[in-house]
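Undergrad: Supplied structure: final-v3.tsv, TSV, C-alpha atoms.
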```
chain	number	residue	atom	x	y	z
A	1	MET	CA	12.23	42.31	10.37
A	2	THR	CA	14.35	39.48	9.01
A	3	GLU	CA	12.12	36.94	10.73
A	4	THR	CA	9.02	38.56	9.24
A	5	ALA	CA	10.59	38.46	5.79
A	6	THR	CA	11.51	34.80	6.23
A	7	ALA	CA	8.01	33.95	7.38
A	8	GLN	CA	6.60	35.81	4.39
A	9	THR	CA	8.89	33.92	1.98
A	10	SER	CA	7.95	30.64	3.63
A	11	ASN	CA	4.27	31.51	3.31
A	12	ASP	CA	4.70	32.44	-0.37
A	13	HIS	CA	6.52	29.18	-0.93
A	14	SER	CA	3.63	27.14	0.50
A	15	GLU	CA	1.14	29.12	-1.59
A	16	ASP	CA	3.05	27.98	-4.72
A	17	HIS	CA	2.27	24.37	-3.84
A	18	VAL	CA	-1.50	24.81	-3.77
A	19	SER	CA	-3.30	24.00	-7.01
A	20	THR	CA	-6.66	25.42	-8.12
A	21	LEU	CA	-8.22	22.26	-6.64
A	22	GLY	CA	-7.19	23.53	-3.23
A	23	VAL	CA	-4.67	20.74	-2.72
A	24	SER	CA	-0.90	20.62	-2.89
A	25	ASN	CA	0.54	20.11	-6.38
A	26	ASP	CA	3.23	17.79	-5.02
A	27	LYS	CA	0.70	15.58	-3.26
A	28	LEU	CA	-1.59	15.56	-6.28
A	29	GLY	CA	1.39	14.58	-8.43
A	30	MET	CA	2.19	11.67	-6.13
A	31	TRP	CA	-1.44	10.46	-6.23
A	32	VAL	CA	-1.43	10.62	-10.04
A	33	PHE	CA	1.83	8.64	-10.10
A	34	LEU	CA	0.38	6.06	-7.68
A	35	GLY	CA	-2.71	5.74	-9.89
A	36	SER	CA	-0.55	4.97	-12.93
A	37	ASP	CA	1.57	2.56	-10.88
A	38	CYS	CA	-1.65	0.79	-9.84
A	39	LEU	CA	-2.39	0.05	-13.49
A	40	LEU	CA	1.15	-1.23	-14.00
A	41	PHE	CA	0.89	-3.63	-11.05
A	42	GLY	CA	-2.61	-4.63	-12.19
A	43	GLY	CA	-1.11	-5.66	-15.52
A	44	LEU	CA	1.70	-7.61	-13.88
A	45	ILE	CA	-0.66	-9.41	-11.47
A	46	SER	CA	-2.99	-10.33	-14.36
A	47	THR	CA	-0.02	-11.66	-16.35
A	48	TYR	CA	1.04	-13.80	-13.40
A	49	MET	CA	-2.50	-15.18	-13.04
A	50	LEU	CA	-2.51	-16.13	-16.72
A	51	TYR	CA	0.90	-17.78	-16.72
A	52	LYS	CA	1.20	-19.37	-13.28
A	53	ASP	CA	0.18	-22.79	-14.60
A	54	ARG	CA	2.49	-22.68	-17.62
A	55	ILE	CA	5.18	-24.97	-16.27
A	56	GLY	CA	6.97	-27.91	-17.82
A	57	PRO	CA	6.14	-31.53	-16.79
A	58	ASP	CA	9.28	-31.79	-14.63
A	59	ASP	CA	9.28	-28.20	-13.33
A	60	LEU	CA	8.34	-27.25	-9.77
A	61	GLY	CA	5.10	-25.26	-9.53
A	62	PRO	CA	4.00	-22.52	-7.12
A	63	GLU	CA	2.67	-25.01	-4.56
A	64	GLU	CA	6.05	-26.74	-4.22
A	65	MET	CA	8.12	-23.55	-4.36
A	66	PHE	CA	6.40	-21.12	-1.98
A	67	ASP	CA	7.39	-21.00	1.66
A	68	ILE	CA	4.28	-19.40	3.14
A	69	PRO	CA	5.44	-19.10	6.79
A	70	PHE	CA	8.58	-17.27	5.64
A	71	THR	CA	6.68	-14.93	3.28
A	72	SER	CA	4.09	-14.29	6.03
A	73	VAL	CA	6.84	-12.97	8.30
A	74	SER	CA	8.12	-10.72	5.46
A	75	SER	CA	4.57	-9.45	4.89
A	76	PHE	CA	4.17	-8.71	8.57
A	77	VAL	CA	7.46	-6.77	8.57
A	78	LEU	CA	6.31	-4.64	5.62
A	79	LEU	CA	2.91	-4.08	7.22
A	80	MET	CA	4.55	-2.82	10.42
A	81	SER	CA	6.77	-0.47	8.39
A	82	SER	CA	3.59	1.32	7.34
A	83	LEU	CA	2.91	1.99	11.01
A	84	THR	CA	6.44	3.27	11.68
A	85	VAL	CA	6.35	5.69	8.73
A	86	VAL	CA	3.02	7.14	9.83
A	87	LEU	CA	4.42	7.54	13.36
A	88	ALA	CA	7.42	9.38	11.86
A	89	ILE	CA	5.02	11.78	10.12
A	90	THR	CA	2.98	12.49	13.26
A	91	ALA	CA	6.17	12.95	15.30
A	92	LEU	CA	7.43	15.49	12.74
A	93	ARG	CA	4.05	17.25	12.75
A	94	ARG	CA	4.41	17.95	16.46
A	95	ASN	CA	8.07	18.96	15.88
A	96	ASP	CA	9.46	15.95	17.73
A	97	ILE	CA	12.43	15.65	15.37
A	98	ARG	CA	14.32	13.03	17.39
A	99	ARG	CA	11.41	10.58	17.50
A	100	SER	CA	10.57	11.24	13.86
A	101	ARG	CA	14.18	10.34	12.97
A	102	ILE	CA	13.99	7.09	14.99
A	103	TRP	CA	10.75	6.04	13.25
A	104	LEU	CA	12.22	6.95	9.85
A	105	LEU	CA	15.25	4.76	10.48
A	106	ALA	CA	13.04	1.95	11.79
A	107	THR	CA	10.97	2.11	8.58
A	108	ALA	CA	14.08	1.94	6.40
A	109	ILE	CA	15.40	-1.03	8.41
A	110	LEU	CA	12.08	-2.88	8.17
A	111	GLY	CA	12.06	-2.21	4.41
A	112	ALA	CA	15.62	-3.54	4.14
A	113	VAL	CA	14.61	-6.69	6.07
A	114	PHE	CA	11.77	-7.22	3.59
A	115	VAL	CA	14.06	-6.78	0.57
A	116	GLY	CA	16.65	-9.08	2.21
A	117	GLY	CA	13.92	-11.71	2.63
A	118	GLN	CA	13.00	-11.37	-1.01
A	119	VAL	CA	16.62	-11.78	-2.12
A	120	TYR	CA	16.85	-14.90	0.06
A	121	GLU	CA	13.61	-16.28	-1.42
A	122	PHE	CA	14.83	-15.66	-4.99
A	123	THR	CA	18.14	-17.38	-4.20
A	124	VAL	CA	16.36	-20.45	-2.81
A	125	PHE	CA	14.10	-20.63	-5.88
A	126	TYR	CA	17.08	-20.35	-8.19
A	127	ARG	CA	18.93	-23.15	-6.37
A	128	GLU	CA	15.83	-25.33	-6.61
A	129	GLY	CA	15.80	-24.84	-10.37
A	130	LEU	CA	13.45	-21.94	-10.98
A	131	GLY	CA	15.27	-19.27	-12.97
A	132	TYR	CA	13.91	-16.17	-14.69
A	133	THR	CA	13.66	-17.96	-18.04
A	134	THR	CA	12.89	-21.51	-16.81
A	135	ASN	CA	9.18	-21.24	-17.63
A	136	LEU	CA	6.41	-18.64	-17.90
A	137	PHE	CA	5.49	-19.08	-14.24
A	138	GLY	CA	9.07	-18.15	-13.26
A	139	THR	CA	9.21	-15.17	-15.61
A	140	SER	CA	5.88	-13.69	-14.49
A	141	PHE	CA	6.59	-14.39	-10.79
A	142	PHE	CA	10.07	-12.84	-10.78
A	143	THR	CA	8.90	-9.85	-12.83
A	144	LEU	CA	5.99	-9.11	-10.49
A	145	THR	CA	7.72	-9.62	-7.15
A	146	GLY	CA	11.05	-8.22	-8.40
A	147	PHE	CA	9.33	-5.08	-9.63
A	148	HIS	CA	7.73	-4.70	-6.20
A	149	GLY	CA	11.14	-5.23	-4.58
A	150	VAL	CA	12.57	-2.41	-6.72
A	151	HIS	CA	9.75	-0.16	-5.48
A	152	VAL	CA	10.61	-1.00	-1.86
A	153	SER	CA	14.32	-0.33	-2.54
A	154	VAL	CA	13.51	3.08	-4.07
A	155	GLY	CA	11.36	3.80	-1.00
A	156	ILE	CA	14.28	2.95	1.32
A	157	ILE	CA	16.52	5.37	-0.62
A	158	MET	CA	13.89	8.12	-0.28
A	159	LEU	CA	13.49	7.43	3.45
A	160	MET	CA	17.25	7.57	3.95
A	161	SER	CA	17.41	10.89	2.10
A	162	MET	CA	14.75	12.18	4.51
A	163	TYR	CA	16.79	10.84	7.42
A	164	ILE	CA	19.92	12.64	6.19
A	165	GLN	CA	17.93	15.86	5.70
A	166	SER	CA	16.63	15.48	9.23
A	167	MET	CA	20.18	14.99	10.59
A	168	ARG	CA	21.25	18.16	8.79
A	169	GLY	CA	18.34	20.07	10.31
A	170	LYS	CA	16.54	20.50	6.99
A	171	LEU	CA	13.42	18.56	7.93
A	172	THR	CA	11.17	20.46	10.29
A	173	ALA	CA	7.49	20.50	11.22
A	174	ASN	CA	6.58	23.00	8.48
A	175	GLN	CA	8.04	20.65	5.85
A	176	GLU	CA	5.92	17.76	7.07
A	177	GLU	CA	4.28	17.42	3.65
A	178	LYS	CA	7.58	16.25	2.14
A	179	LEU	CA	7.59	13.27	4.47
A	180	GLU	CA	3.85	12.73	4.02
A	181	ILE	CA	4.33	12.39	0.24
A	182	ILE	CA	7.07	9.79	0.70
A	183	GLY	CA	4.81	8.13	3.27
A	184	LEU	CA	2.09	7.89	0.61
A	185	TYR	CA	4.52	6.08	-1.69
A	186	TRP	CA	5.53	3.73	1.13
A	187	HIS	CA	1.91	2.90	2.03
A	188	PHE	CA	1.19	2.26	-1.64
A	189	VAL	CA	4.05	-0.25	-1.78
A	190	ASP	CA	2.49	-1.90	1.29
A	191	VAL	CA	-0.99	-1.94	-0.26
A	192	VAL	CA	0.37	-3.55	-3.42
A	193	TRP	CA	2.05	-6.24	-1.32
A	194	ILE	CA	-1.26	-6.92	0.47
A	195	VAL	CA	-2.74	-7.75	-2.94
A	196	ILE	CA	0.31	-9.71	-4.19
A	197	PHE	CA	0.59	-11.75	-0.99
A	198	THR	CA	-3.07	-12.77	-1.16
A	199	ILE	CA	-3.35	-13.44	-4.88
A	200	VAL	CA	0.08	-14.91	-5.61
A	201	TYR	CA	0.89	-16.77	-2.40
A	202	LEU	CA	-2.36	-17.56	-0.58
A	203	PHE	CA	-5.01	-18.16	-3.25
A	204	PRO	CA	-5.46	-21.90	-3.84
A	205	GLN	CA	-3.16	-22.89	-6.72
B	1	MET	CA	9.39	5.17	31.16
B	2	ALA	CA	6.84	7.90	30.53
B	3	THR	CA	3.20	6.97	30.45
B	4	THR	CA	0.89	8.07	27.67
B	5	GLU	CA	-0.59	10.78	29.88
B	6	GLN	CA	2.85	12.07	30.86
B	7	LEU	CA	3.94	12.25	27.24
B	8	ALA	CA	0.81	14.11	26.32
B	9	GLU	CA	1.27	16.61	29.10
B	10	SER	CA	4.93	17.36	28.33
B	11	PRO	CA	5.60	20.98	27.28
B	12	GLY	CA	4.73	21.89	23.72
B	13	ASP	CA	2.59	18.82	23.20
B	14	ASN	CA	-1.12	18.23	23.39
B	15	VAL	CA	-3.35	15.27	24.11
B	16	SER	CA	-4.54	14.88	20.51
B	17	TRP	CA	-1.20	13.55	19.15
B	18	VAL	CA	-1.31	10.57	21.50
B	19	LYS	CA	-4.86	9.91	20.36
B	20	GLU	CA	-3.76	10.14	16.70
B	21	ASP	CA	-0.86	7.74	17.21
B	22	TRP	CA	-3.16	5.33	19.03
B	23	ILE	CA	-5.51	5.25	16.02
B	24	TYR	CA	-2.59	4.19	13.81
B	25	ILE	CA	-1.43	1.56	16.32
B	26	LYS	CA	-4.96	0.13	16.55
B	27	THR	CA	-5.15	0.00	12.73
B	28	ALA	CA	-1.80	-1.83	12.58
B	29	ILE	CA	-3.07	-4.37	15.14
B	30	ILE	CA	-6.21	-4.97	13.06
B	31	LEU	CA	-4.09	-5.39	9.92
B	32	ALA	CA	-1.82	-7.86	11.72
B	33	VAL	CA	-4.82	-9.88	12.94
B	34	PHE	CA	-6.30	-9.99	9.43
B	35	THR	CA	-2.94	-11.13	8.04
B	36	GLY	CA	-2.88	-13.85	10.70
B	37	ILE	CA	-6.33	-15.04	9.61
B	38	GLU	CA	-5.19	-15.05	5.98
B	39	VAL	CA	-2.14	-17.16	6.81
B	40	PHE	CA	-4.32	-19.49	8.90
B	41	THR	CA	-6.25	-20.45	5.72
B	42	TYR	CA	-3.01	-21.94	4.40
B	43	PHE	CA	-2.95	-24.70	7.03
B	44	GLU	CA	-3.96	-28.12	5.83
B	45	SER	CA	-7.25	-28.45	7.75
B	46	VAL	CA	-8.57	-25.11	6.48
B	47	HIS	CA	-6.93	-25.39	3.07
B	48	GLN	CA	-9.17	-28.36	2.27
B	49	ALA	CA	-12.21	-26.07	2.25
B	50	PRO	CA	-13.79	-25.43	-1.18
B	51	ASP	CA	-11.67	-23.14	-3.36
B	52	TRP	CA	-14.51	-20.64	-3.85
B	53	LEU	CA	-14.83	-20.23	-0.07
B	54	LEU	CA	-11.10	-19.67	0.38
B	55	VAL	CA	-10.95	-17.19	-2.53
B	56	LEU	CA	-14.01	-15.34	-1.19
B	57	THR	CA	-12.62	-15.13	2.37
B	58	LEU	CA	-9.13	-14.10	1.26
B	59	SER	CA	-10.50	-11.51	-1.19
B	60	PHE	CA	-12.73	-10.04	1.51
B	61	LEU	CA	-9.82	-9.73	3.96
B	62	MET	CA	-7.58	-8.30	1.22
B	63	VAL	CA	-10.13	-5.60	0.34
B	64	ILE	CA	-10.63	-4.66	4.00
B	65	LYS	CA	-6.85	-4.38	4.51
B	66	PHE	CA	-6.49	-2.36	1.30
B	67	PHE	CA	-9.13	0.15	2.38
B	68	LEU	CA	-7.84	0.38	5.95
B	69	VAL	CA	-4.37	1.35	4.73
B	70	ALA	CA	-5.79	3.76	2.11
B	71	ALA	CA	-8.28	5.40	4.49
B	72	ILE	CA	-6.22	5.66	7.67
B	73	PHE	CA	-2.51	5.39	6.86
B	74	MET	CA	-2.81	7.27	3.53
B	75	HIS	CA	-5.19	9.78	5.19
B	76	LEU	CA	-7.90	9.50	2.53
B	77	ARG	CA	-10.48	9.59	5.30
B	78	ASP	CA	-9.42	13.07	6.44
B	79	ASP	CA	-7.78	14.50	3.33
B	80	ASN	CA	-9.32	16.48	0.49
B	81	ALA	CA	-12.11	14.47	-1.18
B	82	VAL	CA	-10.51	14.92	-4.60
B	83	PHE	CA	-7.89	12.25	-3.76
B	84	THR	CA	-10.58	9.72	-2.86
B	85	LYS	CA	-12.49	10.56	-6.03
B	86	MET	CA	-9.37	10.04	-8.15
B	87	MET	CA	-8.79	6.66	-6.60
B	88	VAL	CA	-12.44	5.57	-6.90
B	89	LEU	CA	-12.58	6.72	-10.53
B	90	GLY	CA	-9.61	4.50	-11.40
B	91	MET	CA	-11.22	1.57	-9.61
B	92	CYS	CA	-14.50	2.11	-11.52
B	93	ILE	CA	-12.63	1.67	-14.79
B	94	ALA	CA	-10.44	-1.17	-13.54
B	95	TRP	CA	-13.38	-3.22	-12.15
B	96	PRO	CA	-14.92	-4.36	-15.48
B	97	VAL	CA	-11.51	-4.65	-17.19
B	98	TYR	CA	-10.03	-7.08	-14.65
B	99	PHE	CA	-13.23	-9.06	-14.09
B	100	VAL	CA	-13.78	-9.54	-17.84
B	101	MET	CA	-10.30	-11.08	-17.87
B	102	ALA	CA	-11.09	-13.18	-14.79
B	103	PHE	CA	-14.28	-14.53	-16.37
B	104	ALA	CA	-12.65	-15.06	-19.77
B	105	PHE	CA	-9.81	-17.17	-18.35
B	106	GLY	CA	-12.01	-19.11	-15.94
B	107	PHE	CA	-10.72	-17.69	-12.65
B	108	LEU	CA	-14.33	-17.13	-11.57
B	109	PRO	CA	-17.33	-19.52	-11.75
B	110	ASP	CA	-19.23	-19.64	-15.02
B	111	TRP	CA	-22.28	-17.67	-13.92
B	112	ASN	CA	-25.40	-16.88	-15.92
B	113	PRO	CA	-24.51	-14.20	-18.57
B	114	ILE	CA	-27.06	-11.75	-17.15
B	115	LEU	CA	-25.54	-12.13	-13.70
B	116	LYS	CA	-22.07	-11.58	-15.20
B	117	VAL	CA	-23.15	-8.36	-16.93
B	118	LEU	CA	-24.79	-7.12	-13.71
B	119	PHE	CA	-21.65	-7.96	-11.71
B	120	LEU	CA	-19.40	-6.23	-14.22
B	121	PHE	CA	-21.32	-3.01	-14.71
B	122	VAL	CA	-23.67	-2.30	-11.79
B	123	PRO	CA	-21.07	-1.55	-9.03
B	124	PRO	CA	-18.94	0.79	-11.20
B	125	SER	CA	-22.09	2.43	-12.64
B	126	ILE	CA	-23.50	3.25	-9.20
B	127	THR	CA	-20.12	4.54	-8.00
B	128	GLY	CA	-19.58	6.46	-11.25
B	129	PHE	CA	-23.01	8.07	-10.87
B	130	TRP	CA	-22.13	9.15	-7.33
B	131	LEU	CA	-18.81	10.52	-8.57
B	132	GLY	CA	-20.39	12.50	-11.40
B	133	TYR	CA	-23.05	13.79	-9.03
B	134	SER	CA	-20.57	14.85	-6.37
B	135	PHE	CA	-18.11	16.76	-8.59
B	136	LYS	CA	-18.64	20.46	-8.19
B	137	GLY	CA	-17.62	23.36	-10.38
B	138	GLY	CA	-15.53	26.30	-9.18
B	139	THR	CA	-12.30	26.05	-7.27
B	140	GLY	CA	-13.18	22.97	-5.24
B	141	SER	CA	-13.41	22.57	-1.52
B	142	HIS	CA	-10.42	23.65	0.53
B	143	HIS	CA	-9.65	21.26	3.33
```
Let me see the file written as structure tokens.
TA:
Amino acid sequence: MTETATAQTSNDHSEDHVSTLGVSNDKLGMWVFLGSDCLLFGGLISTYMLYKDRIGPDDLGPEEMFDIPFTSVSSFVLLMSSLTVVLAITALRRNDIRRSRIWLLATAILGAVFVGGQVYEFTVFYREGLGYTTNLFGTSFFTLTGFHGVHVSVGIIMLMSMYIQSMRGKLTANQEEKLEIIGLYWHFVDVVWIVIFTIVYLFPQ
Amino acid sequence: MATTEQLAESPGDNVSWVKEDWIYIKTAIILAVFTGIEVFTYFESVHQAPDWLLVLTLSFLMVIKFFLVAAIFMHLRDDNAVFTKMMVLGMCIAWPVYFVMAFAFGFLPDWNPILKVLFLFVPPSITGFWLGYSFKGGTGSHH
């Protein structure tokens, strides 16, 4: 009887999440947020494109500053974290909690490696004379990549909260959508980096 | 170490999850290869190629990677079509806005004005027409 009641409550709970479009409200909300974030990053990338050549006669420009092999490794790490998060979701879907937890932790670690790489890159730039207010190239570059770094950091916090929930037994196969929504955010952060890496670092200066 | 078949046949599991995971692994490999090609263009010998060729190649790879992540990792391929439509709608609006900027500030070649107008408005118009045509009334399709 109790089990039936619990199942009924659980069923009612999931019904609450379905909008009139036939999709989950939470998921729809995340997609709307990602759409608005897309515009924000679009604005920041455009600003960088406009200002990347605005450097003083003695200042170092993008071509002298960027360390492409190093950033390529960071990009690869972030790309692989998209795989680990999707593996965490599929593991949770088939109720393999242990493996889901491992993949979640792996994703958070890969994200932390990426952020660590970014902090290192910023430190090197600063030591070489490129500060946030040195020139417009510096301002637009640090704003764009720093803003992306903040997104990754927020993603790591969300992943760790999922990990803790999983450790406490509060993340099970029927709550897979929770992890899927955070996964969407994580993939978005990856997609944005795909664009930033190509346009900011690899396009001919 | 358990083989793929053994994992799939373990109690409570089925074959399809291994297949699903394999799709994601294959996608990640493709993404890694594309990233490798992108980085390869940075090397001196390739970097001396005309700028337009590098920009075209890198943009093409970037778009493919973008759509692979969106379609497979973000499940747009299998999820409710309304998510795809939302994303495409945003891109329809963004297309002319960002390319007007790109033309105005000289990031793209100075094409013939008619060609520019066609480039700016034809792709989003065709996609927008498809979007408008495909939206249905009622409660929408349940996936």
Undergrad: Measuring between only C-alpha atoms, which one of B:Ile93, B:Phe103, B:Asn112, B:Tyr98 shows the shortest distance to Ser125 in chain B?
TA: B:Ile93
Undergrad: Taking all atoms listed in the file into account, what are the residues of chain B at most 7 Å from chain A, put as an NGL selection string?
TA: :B and (21 or 24-25 or 28 or 32 or 39 or 42 or 51 or 55 or 58 or 62 or 66 or 69 or 73-74 or 87 or 139-142)
Undergrad: Using all atoms listed in the file, which residues sit within 10 Å of His148 in chain A once same-chain residues fewer than 2 positions away are excluded, as JSON, numbers by chain?
TA: {"A": [41, 115, 118, 142, 143, 144, 145, 146, 150, 151, 152, 153, 154, 189, 190, 192, 193, 196]}
Undergrad: Point out the residue among B:Met86, B:Val117, B:Phe99, B:Leu68 with the least atom-to-atom distance to Ile29 in chain B, counting only C-alpha atoms.
TA: B:Leu68
Undergrad: Go through B:Trp22, B:Val88, B:Ala94, B:Ser134 one by one, measure the shortest atom-to-atom distance of each to Ile72 in chain B using all atoms listed in the file, and give the residue with the smallest value.
TA: B:Trp22
Undergrad: By how many Å are CA of Ile102 in chain A and CA of Ile156 in chain A apart?
TA: 14.3 Å
Undergrad: Please provide the set of residues having any atom within 12 Å of Pro113 in chain B, restricted to only C-alpha atoms, with same-chain residues fewer than 5 positions apart removed, written as an mmCIF file with C-alpha atoms, in the frame of the given file.
TA:
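This is the output file selection.cif:
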```cif
data_model
loop_
_atom_site.group_PDB
_atom_site.id
_atom_site.type_symbol
_atom_site.label_atom_id
_atom_site.label_comp_id
_atom_site.auth_asym_id
_atom_site.auth_seq_id
_atom_site.Cartn_x
_atom_site.Cartn_y
_atom_site.Cartn_z
ATOM 1 C CA VAL B 100 -13.780 -9.540 -17.840
ATOM 2 C CA PHE B 103 -14.280 -14.530 -16.370
ATOM 3 C CA ALA B 104 -12.650 -15.060 -19.770
ATOM 4 C CA LEU B 118 -24.790 -7.120 -13.710
ATOM 5 C CA PHE B 119 -21.650 -7.960 -11.710
ATOM 6 C CA LEU B 120 -19.400 -6.230 -14.220
#
```
Undergrad: For CA of Glu20 in chain B and CA of Arg99 in chain A, quote the distance in Å rounded to one decimal.
TA: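 Distance reported for this atom pair: 15.2 Å.
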Undergrad: In Å, how far is it from CA of Val82 in chain B to CA of Pro124 in chain B?
TA: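 CA of Pro124 in chain B lies at a distance of 17.7 Å from CA of Val82 in chain B.
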